[in-house]
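As stored in upload14.cif (mmCIF, C-alpha atoms and all ligand atoms):
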```
data_coords
loop_
_atom_site.label_atom_id
_atom_site.label_comp_id
_atom_site.auth_asym_id
_atom_site.auth_seq_id
_atom_site.Cartn_x
_atom_site.Cartn_y
_atom_site.Cartn_z
CA MET A 18 -14.60 -71.37 -5.75
CA PRO A 19 -11.08 -71.02 -4.25
CA PRO A 20 -8.47 -69.51 -6.56
CA SER A 21 -6.79 -72.07 -8.71
CA GLN A 22 -3.06 -72.35 -8.74
CA THR A 23 -1.21 -73.69 -11.69
CA PRO A 24 2.12 -75.29 -10.87
CA THR A 25 4.90 -73.64 -12.79
CA PRO A 26 8.26 -75.26 -13.40
CA GLY A 27 10.62 -74.19 -10.64
CA SER A 28 7.89 -73.10 -8.25
CA ASN A 29 8.64 -73.73 -4.61
CA PRO A 30 6.33 -75.54 -2.25
CA THR A 31 3.57 -73.15 -1.29
CA PRO A 32 3.52 -72.19 2.39
CA GLY A 33 0.88 -74.21 4.14
CA SER A 34 0.88 -76.89 1.46
CA PRO A 35 2.00 -80.41 2.32
CA GLY A 36 5.34 -79.38 0.93
CA ALA A 37 7.77 -80.87 -1.48
CA PRO A 38 8.26 -84.62 -1.62
CA GLY A 39 10.47 -85.71 1.21
CA SER A 40 10.12 -82.45 3.10
CA ALA A 41 6.75 -82.94 4.73
CA PRO A 42 6.30 -81.40 8.15
CA ALA A 43 6.14 -83.95 10.98
CA PRO A 44 2.53 -84.91 11.62
CA ALA A 45 1.02 -83.33 14.71
CA PRO A 46 0.94 -85.61 17.78
CA GLY A 47 -2.14 -87.76 17.68
CA SER A 48 -2.89 -86.73 14.12
CA ASN A 49 -3.11 -90.29 12.88
CA ALA A 50 -6.08 -91.01 15.07
CA PRO A 51 -8.64 -88.61 13.59
CA LYS A 52 -12.15 -88.65 15.00
CA ARG A 53 -13.64 -88.97 11.52
CA SER A 54 -11.90 -91.22 9.06
CA ALA A 55 -10.80 -90.09 5.61
CA ALA A 56 -13.67 -92.19 4.23
CA GLU A 57 -16.07 -89.97 6.14
CA ARG A 58 -14.29 -86.71 5.25
CA ILE A 59 -13.70 -87.21 1.55
CA THR A 60 -17.20 -86.63 0.16
CA GLN A 61 -17.62 -83.47 2.21
CA LEU A 62 -14.23 -82.18 1.06
CA PHE A 63 -15.11 -82.78 -2.58
CA GLN A 64 -18.56 -81.26 -2.19
CA SER A 65 -17.22 -78.16 -0.42
CA ARG A 66 -14.54 -77.50 -3.07
CA TYR A 67 -16.48 -78.34 -6.22
CA GLY A 68 -20.11 -77.83 -5.21
CA ARG A 69 -21.29 -81.31 -6.19
CA PRO A 70 -20.76 -84.90 -4.98
CA PRO A 71 -17.97 -87.00 -6.53
CA THR A 72 -18.68 -89.73 -9.07
CA TRP A 73 -15.86 -92.04 -8.02
CA ILE A 74 -13.89 -92.61 -4.83
CA ALA A 75 -10.71 -94.66 -4.94
CA ALA A 76 -8.77 -95.89 -1.91
CA ALA A 77 -5.19 -97.10 -1.50
CA PRO A 78 -3.43 -98.08 1.72
CA GLY A 79 -0.14 -97.13 3.34
CA ARG A 80 2.10 -100.01 4.32
CA VAL A 81 4.50 -101.32 6.90
CA ASN A 82 7.36 -103.65 6.12
CA LEU A 83 7.32 -106.59 8.55
CA ILE A 84 10.82 -107.75 7.60
CA GLY A 85 13.33 -107.38 4.75
CA GLU A 86 15.03 -104.00 5.20
CA HIS A 87 17.55 -102.58 2.74
CA THR A 88 17.13 -105.74 0.70
CA ASP A 89 15.06 -104.26 -2.17
CA TYR A 90 17.94 -102.62 -4.03
CA ASN A 91 20.00 -105.78 -3.54
CA ASP A 92 17.54 -107.88 -5.57
CA GLY A 93 16.31 -109.44 -2.33
CA PHE A 94 12.96 -110.14 -0.66
CA VAL A 95 10.66 -107.87 1.33
CA LEU A 96 7.57 -108.78 3.36
CA PRO A 97 5.25 -105.78 3.74
CA MET A 98 1.57 -105.64 4.63
CA ALA A 99 -0.98 -102.91 3.98
CA ILE A 100 -2.08 -100.94 7.02
CA GLU A 101 -5.72 -100.07 7.58
CA GLN A 102 -5.01 -96.36 7.11
CA ARG A 103 -5.69 -95.32 3.54
CA THR A 104 -5.58 -92.41 1.16
CA LEU A 105 -8.84 -91.65 -0.58
CA MET A 106 -9.20 -89.82 -3.83
CA ALA A 107 -12.58 -88.59 -5.01
CA GLY A 108 -13.20 -87.45 -8.56
CA SER A 109 -15.69 -86.41 -11.21
CA LEU A 110 -15.35 -85.44 -14.85
CA ALA A 111 -14.72 -81.70 -15.28
CA GLU A 112 -18.04 -79.94 -15.82
CA ASP A 113 -16.71 -77.71 -18.59
CA GLY A 114 -15.39 -80.68 -20.55
CA GLY A 115 -11.90 -79.08 -20.47
CA ARG A 116 -8.62 -80.96 -20.64
CA ARG A 117 -7.24 -80.15 -17.24
CA ILE A 118 -7.11 -81.75 -13.83
CA ARG A 119 -7.85 -79.76 -10.71
CA VAL A 120 -6.81 -81.36 -7.45
CA VAL A 121 -7.14 -80.40 -3.78
CA SER A 122 -5.82 -82.06 -0.68
CA GLU A 123 -7.35 -81.39 2.71
CA LEU A 124 -3.77 -80.71 3.84
CA SER A 125 -3.34 -77.84 1.44
CA PRO A 126 -5.46 -74.68 1.30
CA GLU A 127 -5.12 -74.07 -2.42
CA MET A 128 -6.22 -75.95 -5.46
CA ALA A 129 -3.68 -77.14 -8.01
CA SER A 130 -4.54 -77.26 -11.66
CA PHE A 131 -2.65 -78.74 -14.59
CA GLU A 132 -3.24 -79.21 -18.27
CA LEU A 133 -3.42 -82.75 -19.63
CA ASP A 134 -1.56 -81.73 -22.77
CA VAL A 135 1.46 -80.34 -20.90
CA LEU A 136 2.67 -83.17 -18.74
CA SER A 137 6.45 -82.97 -18.77
CA PRO A 138 8.19 -83.60 -15.43
CA PRO A 139 8.80 -80.53 -13.25
CA GLU A 140 12.10 -78.72 -13.45
CA GLY A 141 12.23 -77.08 -10.02
CA THR A 142 11.35 -78.44 -6.60
CA PRO A 143 8.37 -80.74 -7.11
CA ASN A 144 5.15 -79.89 -5.33
CA TRP A 145 2.87 -82.50 -3.79
CA TRP A 146 0.58 -82.58 -6.85
CA GLU A 147 3.43 -83.93 -8.95
CA TYR A 148 2.49 -87.36 -7.60
CA PRO A 149 -1.00 -87.36 -9.17
CA ARG A 150 0.32 -85.44 -12.17
CA GLY A 151 3.02 -88.06 -12.78
CA VAL A 152 0.45 -90.86 -12.57
CA ALA A 153 -1.82 -89.07 -15.08
CA ALA A 154 1.18 -88.64 -17.41
CA GLY A 155 2.00 -92.36 -17.12
CA MET A 156 -1.57 -93.37 -17.95
CA ILE A 157 -1.59 -91.13 -21.01
CA GLU A 158 1.74 -92.63 -22.15
CA LYS A 159 0.02 -96.00 -21.92
CA GLY A 160 -2.66 -94.81 -24.31
CA ALA A 161 -5.44 -93.83 -21.89
CA GLN A 162 -8.01 -91.46 -23.37
CA ALA A 163 -7.57 -88.65 -20.87
CA ARG A 164 -10.49 -86.41 -19.89
CA GLY A 165 -10.54 -83.41 -17.58
CA LEU A 166 -11.23 -84.15 -13.92
CA ASP A 167 -11.87 -82.55 -10.56
CA LEU A 168 -10.10 -84.45 -7.78
CA ALA A 169 -9.87 -84.27 -3.98
CA VAL A 170 -7.60 -86.17 -1.58
CA ALA A 171 -8.08 -87.07 2.08
CA SER A 172 -5.80 -89.45 3.94
CA ASP A 173 -5.33 -91.24 7.24
CA VAL A 174 -1.78 -92.33 6.33
CA PRO A 175 0.67 -90.18 8.34
CA MET A 176 2.74 -88.19 5.87
CA GLY A 177 6.50 -88.53 5.79
CA GLY A 178 6.47 -91.11 8.59
CA GLY A 179 7.75 -94.04 6.58
CA LEU A 180 4.31 -95.61 6.06
CA SER A 181 4.30 -94.65 2.41
CA SER A 182 1.73 -91.92 2.07
CA SER A 183 3.41 -91.20 -1.27
CA ALA A 184 2.64 -94.62 -2.78
CA ALA A 185 -0.87 -94.47 -1.31
CA LEU A 186 -1.40 -91.16 -3.11
CA GLU A 187 -0.05 -92.52 -6.40
CA VAL A 188 -1.99 -95.77 -6.28
CA ALA A 189 -5.22 -94.02 -5.23
CA THR A 190 -4.77 -91.70 -8.22
CA ALA A 191 -4.12 -94.57 -10.63
CA THR A 192 -7.16 -96.45 -9.30
CA LEU A 193 -9.38 -93.44 -9.83
CA LEU A 194 -8.03 -92.78 -13.32
CA GLU A 195 -8.53 -96.42 -14.30
CA ALA A 196 -12.24 -95.92 -13.64
CA ALA A 197 -12.66 -92.35 -14.88
CA TRP A 198 -10.69 -92.92 -18.09
CA ARG A 199 -11.91 -96.50 -18.51
CA HIS A 200 -8.39 -97.78 -18.81
CA PRO A 201 -7.85 -100.78 -16.50
CA LEU A 202 -4.24 -101.66 -15.74
CA ASP A 203 -2.69 -104.96 -14.86
CA ALA A 204 -1.54 -104.90 -11.19
CA VAL A 205 2.19 -105.11 -11.94
CA GLU A 206 1.92 -102.50 -14.69
CA LYS A 207 0.02 -100.22 -12.31
CA ALA A 208 2.62 -100.52 -9.53
CA LEU A 209 5.45 -99.84 -11.99
CA LEU A 210 3.62 -96.85 -13.47
CA CYS A 211 3.22 -95.37 -9.97
CA GLN A 212 6.87 -95.98 -9.12
CA ARG A 213 7.89 -94.26 -12.33
CA ALA A 214 5.72 -91.26 -11.43
CA GLU A 215 7.55 -91.00 -8.11
CA HIS A 216 10.95 -91.27 -9.82
CA ARG A 217 10.28 -88.83 -12.62
CA TYR A 218 7.80 -86.32 -11.20
CA ALA A 219 8.60 -86.29 -7.46
CA ARG A 220 12.25 -87.19 -8.14
CA VAL A 221 12.35 -89.70 -5.30
CA PRO A 222 14.43 -92.77 -6.27
CA CYS A 223 12.16 -95.20 -4.41
CA GLY A 224 12.12 -98.99 -4.71
CA ILE A 225 9.10 -100.96 -5.86
CA MET A 226 7.81 -102.38 -2.56
CA ASP A 227 5.44 -99.55 -1.63
CA GLN A 228 3.53 -99.44 -4.89
CA PHE A 229 3.31 -103.25 -5.07
CA ILE A 230 1.80 -103.68 -1.64
CA SER A 231 -0.54 -100.70 -1.98
CA THR A 232 -1.83 -102.18 -5.25
CA MET A 233 -1.88 -105.90 -4.42
CA ALA A 234 -2.51 -106.21 -0.68
CA ARG A 235 -5.22 -108.59 0.46
CA PRO A 236 -6.89 -108.28 3.86
CA ASP A 237 -5.27 -110.58 6.46
CA HIS A 238 -2.21 -111.24 4.28
CA ALA A 239 1.35 -110.01 4.06
CA LEU A 240 3.01 -109.98 0.63
CA LEU A 241 6.33 -111.67 -0.04
CA LEU A 242 7.87 -109.77 -2.94
CA ASP A 243 10.93 -110.91 -4.82
CA CYS A 244 12.52 -107.64 -5.89
CA ARG A 245 14.60 -109.44 -8.51
CA ASP A 246 11.85 -110.84 -10.72
CA LEU A 247 8.85 -109.02 -9.17
CA THR A 248 7.00 -112.24 -8.36
CA THR A 249 4.78 -112.16 -5.29
CA ARG A 250 3.24 -114.56 -2.81
CA GLN A 251 0.34 -113.78 -0.49
CA VAL A 252 1.17 -115.01 3.03
CA PRO A 253 -1.78 -115.35 5.44
CA LEU A 254 -1.69 -113.33 8.68
CA ARG A 255 -5.22 -113.93 9.78
CA ASP A 256 -5.01 -115.29 13.34
CA PRO A 257 -7.38 -113.06 15.33
CA ASN A 258 -5.12 -113.42 18.38
CA ILE A 259 -2.18 -111.79 16.62
CA THR A 260 -1.93 -108.18 15.59
CA VAL A 261 0.57 -105.57 14.50
CA LEU A 262 1.54 -102.40 16.37
CA ILE A 263 3.22 -99.48 14.70
CA ALA A 264 5.18 -97.16 16.96
CA ASN A 265 6.25 -93.90 15.37
CA THR A 266 9.23 -92.44 17.27
CA ASN A 267 8.38 -89.05 15.77
CA VAL A 268 12.03 -88.32 15.12
CA ARG A 269 13.77 -88.08 11.78
CA HIS A 270 17.47 -87.46 11.92
CA GLU A 271 18.62 -85.56 8.87
CA LEU A 272 22.07 -86.90 8.21
CA SER A 273 24.30 -84.85 5.99
CA GLY A 274 26.32 -87.71 4.56
CA GLY A 275 23.78 -89.03 2.03
CA GLU A 276 23.53 -92.21 4.10
CA TYR A 277 21.10 -93.99 1.78
CA ALA A 278 23.24 -93.47 -1.32
CA GLN A 279 26.31 -94.46 0.69
CA ARG A 280 24.72 -97.74 1.82
CA ARG A 281 23.72 -98.55 -1.74
CA ALA A 282 27.25 -97.86 -2.97
CA GLN A 283 28.71 -100.04 -0.21
CA CYS A 284 26.40 -102.91 -1.17
CA GLU A 285 27.47 -102.59 -4.79
CA GLN A 286 31.11 -102.58 -3.72
CA ALA A 287 30.55 -105.69 -1.61
CA ALA A 288 28.92 -107.50 -4.54
CA ARG A 289 31.76 -106.49 -6.87
CA GLU A 290 34.44 -107.64 -4.48
CA LEU A 291 32.63 -110.91 -3.93
CA GLY A 292 32.31 -111.44 -7.68
CA VAL A 293 28.50 -111.42 -7.99
CA SER A 294 26.09 -109.08 -9.75
CA SER A 295 24.13 -108.46 -6.55
CA LEU A 296 24.25 -109.58 -2.91
CA ARG A 297 21.18 -111.73 -3.61
CA ASP A 298 23.52 -114.26 -5.23
CA LEU A 299 25.34 -115.08 -1.98
CA ASP A 300 24.59 -117.08 1.13
CA LEU A 301 25.79 -116.14 4.58
CA ASN A 302 28.54 -118.77 4.69
CA GLN A 303 30.13 -117.33 1.57
CA VAL A 304 30.14 -113.87 3.12
CA ILE A 305 31.66 -115.18 6.34
CA ARG A 306 34.35 -117.08 4.43
CA ALA A 307 35.23 -113.93 2.49
CA LYS A 308 35.53 -111.81 5.65
CA PRO A 309 39.36 -111.81 5.87
CA GLY A 310 39.67 -110.25 2.40
CA LEU A 311 37.02 -107.57 2.90
CA ASP A 312 37.15 -104.14 4.42
CA ALA A 313 35.48 -104.41 7.87
CA LEU A 314 32.66 -101.98 7.00
CA ILE A 315 31.92 -103.60 3.65
CA PHE A 316 31.76 -106.99 5.37
CA LYS A 317 29.20 -105.69 7.87
CA ARG A 318 27.01 -104.25 5.12
CA ALA A 319 27.04 -107.52 3.18
CA TYR A 320 26.49 -109.53 6.36
CA HIS A 321 23.29 -107.63 7.10
CA VAL A 322 21.90 -107.73 3.57
CA VAL A 323 22.61 -111.40 2.87
CA GLY A 324 21.38 -112.43 6.33
CA GLU A 325 18.27 -110.29 5.95
CA ILE A 326 17.38 -111.78 2.57
CA GLN A 327 17.56 -115.29 4.06
CA ARG A 328 15.67 -114.16 7.16
CA THR A 329 12.85 -112.69 5.08
CA GLN A 330 12.31 -115.92 3.15
CA ARG A 331 12.37 -117.90 6.38
CA ALA A 332 10.01 -115.40 8.04
CA ALA A 333 7.45 -115.89 5.25
CA GLU A 334 7.59 -119.66 5.83
CA LEU A 335 7.12 -119.22 9.57
CA LEU A 336 4.20 -116.86 9.04
CA ALA A 337 2.53 -119.31 6.68
CA ALA A 338 3.04 -122.02 9.34
CA GLU A 339 1.52 -119.72 11.99
CA ASP A 340 4.77 -119.83 13.99
CA TYR A 341 4.46 -116.31 15.34
CA GLU A 342 7.10 -116.76 18.03
CA GLY A 343 9.65 -117.84 15.44
CA PHE A 344 8.65 -114.94 13.23
CA GLY A 345 9.02 -112.52 16.15
CA ARG A 346 12.53 -113.77 16.91
CA LEU A 347 13.54 -113.00 13.33
CA MET A 348 12.19 -109.47 13.74
CA PHE A 349 14.43 -108.92 16.77
CA ASP A 350 17.39 -110.41 14.85
CA SER A 351 16.69 -108.07 11.96
CA HIS A 352 16.80 -105.08 14.28
CA VAL A 353 20.14 -106.14 15.76
CA THR A 354 21.85 -106.33 12.39
CA LEU A 355 20.24 -103.12 11.13
CA ARG A 356 21.61 -101.45 14.26
CA ASP A 357 25.06 -103.03 14.45
CA ASP A 358 26.00 -104.08 10.92
CA PHE A 359 24.03 -101.89 8.54
CA GLN A 360 24.09 -99.02 11.07
CA VAL A 361 20.86 -97.32 10.07
CA SER A 362 19.10 -97.26 13.44
CA CYS A 363 19.15 -94.43 16.00
CA ASP A 364 18.76 -94.09 19.79
CA GLU A 365 15.00 -93.57 19.63
CA LEU A 366 14.36 -96.64 17.44
CA ASP A 367 16.66 -98.72 19.66
CA LEU A 368 14.85 -97.47 22.76
CA MET A 369 11.46 -98.42 21.30
CA VAL A 370 12.70 -101.94 20.53
CA GLU A 371 14.25 -102.26 24.02
CA LEU A 372 10.94 -101.21 25.55
CA ALA A 373 9.18 -103.80 23.40
CA GLU A 374 11.62 -106.42 24.71
CA ASP A 375 10.50 -105.57 28.27
CA ARG A 376 7.11 -106.90 27.26
CA LYS A 377 8.27 -110.12 25.62
CA GLY A 378 6.74 -113.46 26.64
CA ILE A 379 3.73 -113.08 28.91
CA GLY A 380 3.79 -109.33 28.19
CA GLY A 381 2.54 -110.21 24.72
CA VAL A 382 5.32 -108.91 22.45
CA LEU A 383 6.48 -111.52 19.94
CA GLY A 384 8.87 -109.39 17.90
CA ALA A 385 9.90 -105.81 17.20
CA ARG A 386 12.20 -103.99 14.84
CA MET A 387 12.79 -100.68 13.15
CA THR A 388 11.06 -100.50 9.80
CA GLY A 389 11.75 -98.31 6.79
CA GLY A 390 15.00 -96.68 5.77
CA GLY A 391 16.10 -95.87 9.31
CA PHE A 392 17.48 -92.90 11.30
CA GLY A 393 14.00 -92.34 12.74
CA GLY A 394 10.45 -93.14 11.73
CA CYS A 395 8.63 -96.23 12.89
CA CYS A 396 9.08 -99.54 14.66
CA VAL A 397 6.84 -102.47 13.85
CA LEU A 398 5.82 -105.01 16.50
CA LEU A 399 4.06 -108.35 16.27
CA VAL A 400 1.97 -108.78 19.42
CA ARG A 401 -0.74 -110.87 21.02
CA ALA A 402 -3.99 -109.03 20.33
CA GLN A 403 -5.28 -109.32 23.93
CA LYS A 404 -2.17 -107.49 25.17
CA ALA A 405 -2.02 -104.84 22.46
CA ALA A 406 -3.62 -102.06 24.50
CA ASP A 407 -1.32 -102.74 27.50
CA ILE A 408 1.75 -102.74 25.29
CA GLN A 409 0.63 -99.57 23.58
CA ARG A 410 0.24 -97.79 26.92
CA TYR A 411 3.59 -99.05 28.20
CA LEU A 412 5.47 -97.95 25.08
CA TYR A 413 3.75 -94.58 25.01
CA THR A 414 4.43 -93.75 28.65
CA SER A 415 7.98 -95.09 28.84
CA TYR A 416 9.11 -93.59 25.55
CA LEU A 417 7.63 -90.20 26.44
CA GLU A 418 9.25 -90.31 29.88
CA ARG A 419 12.67 -91.23 28.51
CA THR A 420 12.79 -88.95 25.46
CA ARG A 421 10.26 -86.17 26.18
CA ILE A 422 8.96 -86.91 22.69
CA GLU A 423 5.39 -88.05 22.25
CA PRO A 424 5.25 -91.18 20.09
CA GLU A 425 2.25 -92.24 18.01
CA ILE A 426 1.34 -95.86 18.47
CA PHE A 427 -1.48 -97.65 16.77
CA VAL A 428 -2.78 -101.12 16.14
CA THR A 429 -3.42 -102.33 12.64
CA ARG A 430 -4.34 -105.58 11.00
CA ALA A 431 -3.22 -106.40 7.49
CA GLY A 432 -5.53 -104.30 5.33
CA ALA A 433 -6.85 -104.37 1.77
CA GLY A 434 -5.09 -103.13 -1.35
CA ALA A 435 -6.35 -100.43 -3.67
CA GLU A 436 -10.02 -100.51 -4.50
CA LEU A 437 -12.86 -98.42 -5.81
CA PRO A 438 -15.37 -98.32 -2.96
CA ARG A 439 -17.58 -95.94 -4.92
CA ALA A 440 -18.28 -96.12 -8.62
CA PRO A 441 -21.38 -94.97 -10.54
P1 LIG A 501 6.07 -91.28 3.11
O1 LIG A 501 5.78 -91.91 1.79
O2 LIG A 501 6.95 -92.12 3.97
O3 LIG A 501 4.83 -90.85 3.84
P2 LIG A 501 7.35 -89.36 1.43
O4 LIG A 501 8.26 -88.22 1.73
O5 LIG A 501 7.78 -90.40 0.49
O6 LIG A 501 6.90 -89.96 2.83
O7 LIG A 501 5.99 -88.78 0.84
C1 LIG A 501 5.35 -87.71 1.48
C2 LIG A 501 4.94 -86.68 0.43
O8 LIG A 501 3.84 -87.21 -0.35
C3 LIG A 501 4.43 -85.40 1.03
O9 LIG A 501 5.47 -84.47 1.28
C4 LIG A 501 3.49 -84.89 -0.06
O10 LIG A 501 4.24 -84.24 -1.08
C5 LIG A 501 2.92 -86.19 -0.65
N1 LIG A 501 1.63 -86.57 -0.02
C6 LIG A 501 1.36 -87.74 0.56
N2 LIG A 501 0.08 -87.78 1.00
C7 LIG A 501 -0.48 -86.61 0.68
C8 LIG A 501 -1.78 -86.01 0.85
N3 LIG A 501 -2.77 -86.66 1.48
N4 LIG A 501 -1.97 -84.76 0.39
C9 LIG A 501 -0.98 -84.11 -0.24
N5 LIG A 501 0.25 -84.59 -0.43
C10 LIG A 501 0.52 -85.83 0.01
MG MG A 502 7.24 -92.39 0.31
#
```

The structure in this file should be written as structure tokens.
Amino acid sequence: MPPSQTPTPGSNPTPGSPGAPGSAPAPAPGSNAPKRSAAERITQLFQSRYGRPPTWIAAAPGRVNLIGEHTDYNDGFVLPMAIEQRTLMAGSLAEDGGRRIRVVSELSPEMASFELDVLSPPEGTPNWWEYPRGVAAGMIEKGAQARGLDLAVASDVPMGGGLSSSAALEVATATLLEAAWRHPLDAVEKALLCQRAEHRYARVPCGIMDQFISTMARPDHALLLDCRDLTTRQVPLRDPNITVLIANTNVRHELSGGEYAQRRAQCEQAARELGVSSLRDLDLNQVIRAKPGLDALIFKRAYHVVGEIQRTQRAAELLAAEDYEGFGRLMFDSHVTLRDDFQVSCDELDLMVELAEDRKGIGGVLGARMTGGGFGGCCVLLVRAQKAADIQRYLYTSYLERTRIEPEIFVTRAGAGAELPRAP
């Protein structure tokens, strides 16, 4: 049995571990196309670490946001879908009947171990196991009868690439604990519990989109989420001739200025100056009329957010009506305003979208945009399925040639939400 390691408050990420939240090493080129899927690796991992097969296996997907960027904290709409890549968590009750959880990840050589009676949030830099630990703490707060467990994690969701490996890990944990502790959660309650774990235990002030889609996704559907009242609508994306490409630029520009916090503050300022509680309460004409009285930068921020909220609602309608060309045009529009007005793009994301534009029309690209917070990470493309392989090759070769950086590009359909593929 490998030595167990108990996280202590203030402990730093262990060398060779997946690292602290938000400081994951960039995934190795090609690492998101493993020969054996996590579903095939997970049982072996559990068996090799604990010497017996797992009782339960839970799965939860990563996600990509099709449209609706920087709208979540403005009470707006987002339209994500689950990707087919998932995080799997295997578990069994602890053999000694003790009240502790042991957890291993295939990305980390050592085993973490924590007591179920000492579940206060960490004081120092959080380690990766704070995600499952925070979920366990949330379940216990909700009255779950906690029992000791052995857990193992394997994942095909690239870590730190903006596809929400963190929510996948939280939701996979919650799904496993629901079964192991016989404490089913309502879907909204489960998503909120996972978000709270990320806020309090990983200390990442994330929005609610990632946990919602990882919990509620349905195959062949995107999810329109109203971040104001948390209502959702499943929007079909089931045409076999249409598929989604994700192109990871494999760059992440670390900007010193706290850009995310700055954008949030600018949105709040815009709302204040326009006399509303959030930018959700405005339409684009009101913003345009107010332009003369606004600082130029604040105007641009509001212009993006208000336009993007409208665009996301419209995009959901177009998707439901199977108007993929119209949907694709809105994706390109979204990229333009993220680049020019919200100013969260970067050269590599812009290049990827320009390359996608080269393949518009008969080339098979319907739309493309940066996705996620910005300054690196991924682009999402809506493409004709028959052309997907061509487009993938073109983007890979041209991007590599122009930047000397190897991108990762993969095709995914809208996948399933969290589930328990194996239960006793
Ligand atoms: P993203 O959610 O975009 O992938 P985050 O920085 O929010 O990026 O979350 C990544 C962090 O989540 C990692 O640094 C690690 O702490 C944790 N994590 C995610 N997946 C795993 C995994 N399979 N094994 C261990 N830790 C993981
Ligand atoms: Mg995350």

Excluding Glu339 of chain A and residues on its chain fewer than 6 positions from it, collect all residues at most 10 Å away from it, counting all atoms listed in the file, and give them as a ChimeraX atom specification. /A:253-256,259,333

Set the cut-off to 9 Å, count all atoms listed in the file, and list whatever residues fall near ligand LIG 501 (chain A) as a compact mmCIF listing (two decimals) with C-alpha atoms, in the frame of the given file.
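Output below, filename selection04.txt:
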```
# COMPACT_ATOMS: atom_id res chain seq x y z
CA SER A 34 0.88 -76.89 1.46
CA PRO A 35 2.00 -80.41 2.32
CA GLY A 36 5.34 -79.38 0.93
CA ALA A 37 7.77 -80.87 -1.48
CA PRO A 38 8.26 -84.62 -1.62
CA GLY A 39 10.47 -85.71 1.21
CA SER A 40 10.12 -82.45 3.10
CA ALA A 41 6.75 -82.94 4.73
CA PRO A 42 6.30 -81.40 8.15
CA GLY A 79 -0.14 -97.13 3.34
CA THR A 104 -5.58 -92.41 1.16
CA LEU A 105 -8.84 -91.65 -0.58
CA MET A 106 -9.20 -89.82 -3.83
CA VAL A 121 -7.14 -80.40 -3.78
CA SER A 122 -5.82 -82.06 -0.68
CA GLU A 123 -7.35 -81.39 2.71
CA LEU A 124 -3.77 -80.71 3.84
CA SER A 125 -3.34 -77.84 1.44
CA PRO A 143 8.37 -80.74 -7.11
CA ASN A 144 5.15 -79.89 -5.33
CA TRP A 145 2.87 -82.50 -3.79
CA TRP A 146 0.58 -82.58 -6.85
CA GLU A 147 3.43 -83.93 -8.95
CA TYR A 148 2.49 -87.36 -7.60
CA VAL A 170 -7.60 -86.17 -1.58
CA ALA A 171 -8.08 -87.07 2.08
CA SER A 172 -5.80 -89.45 3.94
CA ASP A 173 -5.33 -91.24 7.24
CA VAL A 174 -1.78 -92.33 6.33
CA PRO A 175 0.67 -90.18 8.34
CA MET A 176 2.74 -88.19 5.87
CA GLY A 177 6.50 -88.53 5.79
CA GLY A 178 6.47 -91.11 8.59
CA GLY A 179 7.75 -94.04 6.58
CA LEU A 180 4.31 -95.61 6.06
CA SER A 181 4.30 -94.65 2.41
CA SER A 182 1.73 -91.92 2.07
CA SER A 183 3.41 -91.20 -1.27
CA ALA A 184 2.64 -94.62 -2.78
CA ALA A 185 -0.87 -94.47 -1.31
CA LEU A 186 -1.40 -91.16 -3.11
CA GLU A 187 -0.05 -92.52 -6.40
CA GLU A 215 7.55 -91.00 -8.11
CA ALA A 219 8.60 -86.29 -7.46
CA VAL A 221 12.35 -89.70 -5.30
CA CYS A 223 12.16 -95.20 -4.41
CA ASP A 227 5.44 -99.55 -1.63
CA GLY A 389 11.75 -98.31 6.79
CA GLY A 394 10.45 -93.14 11.73
```

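Take the candidates A:Leu311, A:Ala129, A:Val188, A:Val268 and check each one against ligand MG 502 (chain A) using all atoms listed in the file; the shortest distance goes to A:Val188.
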
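Atom pair atom CA of Leu241 of chain A / atom CA of Tyr320 of chain A has a distance of 21.3 Å (rounded to one decimal).
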
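Using only C-alpha atoms, the smallest distance between any of A:Ser109, A:Arg306, A:Pro97, A:Val361 and Arg69 of chain A comes from A:Ser109.
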
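Nearest to ligand MG 502 (chain A) of all the residues A:Arg220, A:Arg318, A:Lys207, A:Arg164 is A:Arg220, counting only C-alpha atoms and all ligand atoms.
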
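Atom pair atom CA of Val397 of chain A / atom CA of Ala264 of chain A: separated by 6.4 Å.
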
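Closest approach to ligand MG 502 (chain A) among A:Pro70, A:Thr329, A:Glu112, A:Gly224: A:Gly224, based on only C-alpha atoms and all ligand atoms.
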